[in-house]
Amino acid sequence: MKIAVRYYTKTGNTKRLAEAIGKAVGAEALPISSPITEPVDILFLGNSYYAFSIDPEVRSFVRGLDRNLVGKIVNFGSAAMLNSTYKKVKAEADKAGIPMDEREFHCKGEFKGIHKGKPDESDMRAAAEFARKIIG
Ligand SMILES: Cc1cc2nc3c(=O)[nH]c(=O)nc-3n(C[C@H](O)[C@H](O)[C@H](O)COP(=O)(O)O)c2cc1C
């Protein structure tokens, strides 16, 4: 099974989750500036909420994915208040014609002093466990 891990981060939280997931599934965690150029069965995609939405770079990355190269997307990320970017990412994945796994990983992420230290070590462990379960 071929797996890729991509993330978008502004303050480093998603990168840390992506690295925990990458380590668990044996794939390098790379920023979304690194395009998917080879076929993968699963793309783990890390992203967050910024001002109530996902970043435009994440939107265009997902919309620009080649459906012949990506089997499915598995969403993961953190946010300070909102629960999940799933629907926002799915709206773009639908446009690209790429299915999204219904399962996702989400936890709290530190923002301006709230949720200090999150994602923390236990979040990293949970993210890794989630990813291992996804790949079976
Ligand atoms: C500019 C900015 C805007 C944010 N807006 C929201 C928001 O609208 N809702 C929310 O739940 N979290 C919001 N957050 C918190 C982030 O989603 C949270 O800190 C997340 O862990 C950031 O991930 P990152 O470090 O990978 O960028 C915001 C963070 C930043 C930096």
# chains A, B, ... in the order shown; residues from 1 in each chain; ligands from 1
$ residues_near_ligand --ligand "ligand 1" --cutoff "6 Å" --atoms "only C-alpha atoms and all ligand atoms" --output "VMD selection string"
chain A and resid 9 to 15 48 to 52 78 to 82 109 to 111
$ residues_around --residues "region 25-28 of chain A" --least-positions-apart "2" --cutoff "7 Å" --atoms "only C-alpha atoms" --output "ChimeraX atom specification"
/A:3-5,21-23,30,131-132
$ write_last_selection --atoms "C-alpha atoms" --output "PDB file, in the first residue's frame"
ATOM      1  CA  ILE A   3       0.915   6.241   1.443  1.00  0.00           C
ATOM      2  CA  ALA A   4       1.649   9.949   1.374  1.00  0.00           C
ATOM      3  CA  VAL A   5       1.456  12.497   4.184  1.00  0.00           C
ATOM      4  CA  ILE A  21       1.510  10.067  11.501  1.00  0.00           C
ATOM      5  CA  GLY A  22       4.331   9.820   8.977  1.00  0.00           C
ATOM      6  CA  LYS A  23       6.468   7.897  11.438  1.00  0.00           C
ATOM      7  CA  LEU A  30       5.872  16.911   3.678  1.00  0.00           C
ATOM      8  CA  ALA A 131      -3.049   6.230  11.272  1.00  0.00           C
ATOM      9  CA  ARG A 132      -1.966   2.656  11.970  1.00  0.00           C
TER      10      ARG A 132
END
$ residues_around --residues "Met1 (chain A)" --least-positions-apart "2" --cutoff "10 Å" --atoms "only C-alpha atoms" --output "list in words"
Ile3, Val40, Asp41, Ile42 and Ile135 of chain A
$ residues_around --residues "region 62-72 of chain A" --least-positions-apart "3" --cutoff "9 Å" --atoms "only C-alpha atoms" --output "PyMOL selection string"
chain A and resi 35-44+57-59+89-101
$ write_last_selection --atoms "N, CA and C atoms" --output "compact mmCIF listing (two decimals), in the first residue's frame"
# COMPACT_ATOMS: atom_id res chain seq x y z
N PRO A 35 4.16 18.53 -4.29
CA PRO A 35 3.00 17.91 -4.95
C PRO A 35 3.02 16.38 -4.93
N ILE A 36 1.85 15.80 -5.12
CA ILE A 36 1.75 14.33 -5.25
C ILE A 36 2.01 14.01 -6.73
N THR A 37 3.11 13.32 -6.98
CA THR A 37 3.47 13.06 -8.38
C THR A 37 3.43 11.57 -8.70
N GLU A 38 3.30 10.73 -7.67
CA GLU A 38 3.23 9.29 -7.88
C GLU A 38 1.94 8.77 -7.28
N PRO A 39 1.41 7.66 -7.81
CA PRO A 39 0.14 7.14 -7.28
C PRO A 39 0.25 6.73 -5.81
N VAL A 40 -0.78 7.12 -5.03
CA VAL A 40 -0.85 6.68 -3.63
C VAL A 40 -2.25 6.16 -3.36
N ASP A 41 -2.33 5.14 -2.50
CA ASP A 41 -3.64 4.62 -2.10
C ASP A 41 -4.30 5.56 -1.10
N ILE A 42 -3.48 6.08 -0.19
CA ILE A 42 -4.01 6.95 0.86
C ILE A 42 -3.16 8.21 0.97
N LEU A 43 -3.85 9.34 0.99
CA LEU A 43 -3.18 10.60 1.28
C LEU A 43 -3.68 11.10 2.63
N PHE A 44 -2.82 11.09 3.63
CA PHE A 44 -3.14 11.71 4.92
C PHE A 44 -2.91 13.21 4.75
N GLU A 57 -4.62 27.94 0.40
CA GLU A 57 -3.61 27.03 -0.18
C GLU A 57 -4.04 25.57 -0.07
N VAL A 58 -4.74 25.25 1.03
CA VAL A 58 -5.23 23.88 1.21
C VAL A 58 -6.34 23.61 0.19
N ARG A 59 -7.23 24.59 0.04
CA ARG A 59 -8.31 24.46 -0.95
C ARG A 59 -7.73 24.15 -2.33
N VAL A 89 -12.81 20.38 3.63
CA VAL A 89 -11.88 19.64 2.78
C VAL A 89 -12.67 18.77 1.80
N LYS A 90 -13.76 18.18 2.28
CA LYS A 90 -14.55 17.30 1.41
C LYS A 90 -15.15 18.07 0.24
N ALA A 91 -15.54 19.32 0.49
CA ALA A 91 -16.10 20.12 -0.61
C ALA A 91 -15.10 20.23 -1.76
N GLU A 92 -13.83 20.36 -1.41
CA GLU A 92 -12.80 20.46 -2.46
C GLU A 92 -12.48 19.08 -3.04
N ALA A 93 -12.46 18.07 -2.19
CA ALA A 93 -12.18 16.70 -2.66
C ALA A 93 -13.27 16.26 -3.65
N ASP A 94 -14.52 16.66 -3.37
CA ASP A 94 -15.62 16.33 -4.29
C ASP A 94 -15.37 16.93 -5.67
N LYS A 95 -14.88 18.16 -5.67
CA LYS A 95 -14.60 18.82 -6.96
C LYS A 95 -13.50 18.09 -7.72
N ALA A 96 -12.54 17.55 -6.95
CA ALA A 96 -11.44 16.82 -7.59
C ALA A 96 -11.83 15.37 -7.91
N GLY A 97 -12.98 14.94 -7.40
CA GLY A 97 -13.44 13.57 -7.66
C GLY A 97 -12.68 12.54 -6.84
N ILE A 98 -12.20 12.95 -5.67
CA ILE A 98 -11.43 12.04 -4.82
C ILE A 98 -12.21 11.73 -3.54
N PRO A 99 -12.41 10.43 -3.25
CA PRO A 99 -13.16 10.09 -2.03
C PRO A 99 -12.41 10.45 -0.76
N MET A 100 -13.20 10.75 0.29
CA MET A 100 -12.60 10.97 1.61
C MET A 100 -13.05 9.89 2.56
N ASP A 101 -12.11 9.34 3.29
CA ASP A 101 -12.45 8.38 4.33
C ASP A 101 -13.31 9.10 5.37
$ select_by_dssp --residues "region 2-128 of chain A" --states "strand (DSSP E)" --output "JSON list (two decimals) with C-alpha atoms, in the first residue's frame"
[["chain", "number", "residue", "atom", "x", "y", "z"],
["A", 3, "ILE", "CA", 0.92, 6.24, 1.44],
["A", 4, "ALA", "CA", 1.65, 9.95, 1.37],
["A", 5, "VAL", "CA", 1.46, 12.50, 4.18],
["A", 6, "ARG", "CA", 1.00, 16.20, 3.45],
["A", 7, "TYR", "CA", 0.26, 19.08, 5.78],
["A", 29, "ALA", "CA", 5.54, 14.09, 6.19],
["A", 30, "LEU", "CA", 5.87, 16.91, 3.68],
["A", 31, "PRO", "CA", 4.24, 20.32, 3.29],
["A", 40, "VAL", "CA", -0.85, 6.68, -3.63],
["A", 41, "ASP", "CA", -3.64, 4.62, -2.10],
["A", 42, "ILE", "CA", -4.01, 6.95, 0.86],
["A", 43, "LEU", "CA", -3.18, 10.60, 1.28],
["A", 44, "PHE", "CA", -3.14, 11.71, 4.92],
["A", 45, "LEU", "CA", -3.87, 15.43, 4.76],
["A", 46, "GLY", "CA", -3.24, 17.68, 7.76],
["A", 70, "VAL", "CA", -4.88, 9.61, -5.16],
["A", 71, "GLY", "CA", -7.05, 6.71, -3.98],
["A", 72, "LYS", "CA", -8.55, 8.52, -1.00],
["A", 73, "ILE", "CA", -7.91, 11.32, 1.46],
["A", 74, "VAL", "CA", -7.76, 10.87, 5.22],
["A", 75, "ASN", "CA", -8.21, 14.17, 7.03],
["A", 76, "PHE", "CA", -6.39, 15.12, 10.23],
["A", 77, "GLY", "CA", -5.69, 18.26, 12.19],
["A", 78, "SER", "CA", -6.28, 20.44, 15.20],
["A", 79, "ALA", "CA", -8.11, 23.65, 15.99],
["A", 105, "PHE", "CA", -8.24, 12.54, 13.48],
["A", 106, "HIS", "CA", -8.92, 15.78, 15.28],
["A", 107, "CYS", "CA", -7.65, 17.29, 18.53],
["A", 108, "LYS", "CA", -7.30, 20.68, 20.19]]
$ atom_distance --atom1 "CA of Glu102 (chain A)" --atom2 "CA of Ala127 (chain A)"
15.5 Å
$ select_by_dssp --residues "region 3-100 of chain A" --states "alpha helix (DSSP H)" --output "ChimeraX atom specification"
/A:13-25,56-63,86-96
$ atom_distance --atom1 "CA of Glu121 (chain A)" --atom2 "CA of Ala24 (chain A)"
14.1 Å
$ atom_distance --atom1 "CA of Arg125 (chain A)" --atom2 "CA of Phe61 (chain A)"
27.1 Å
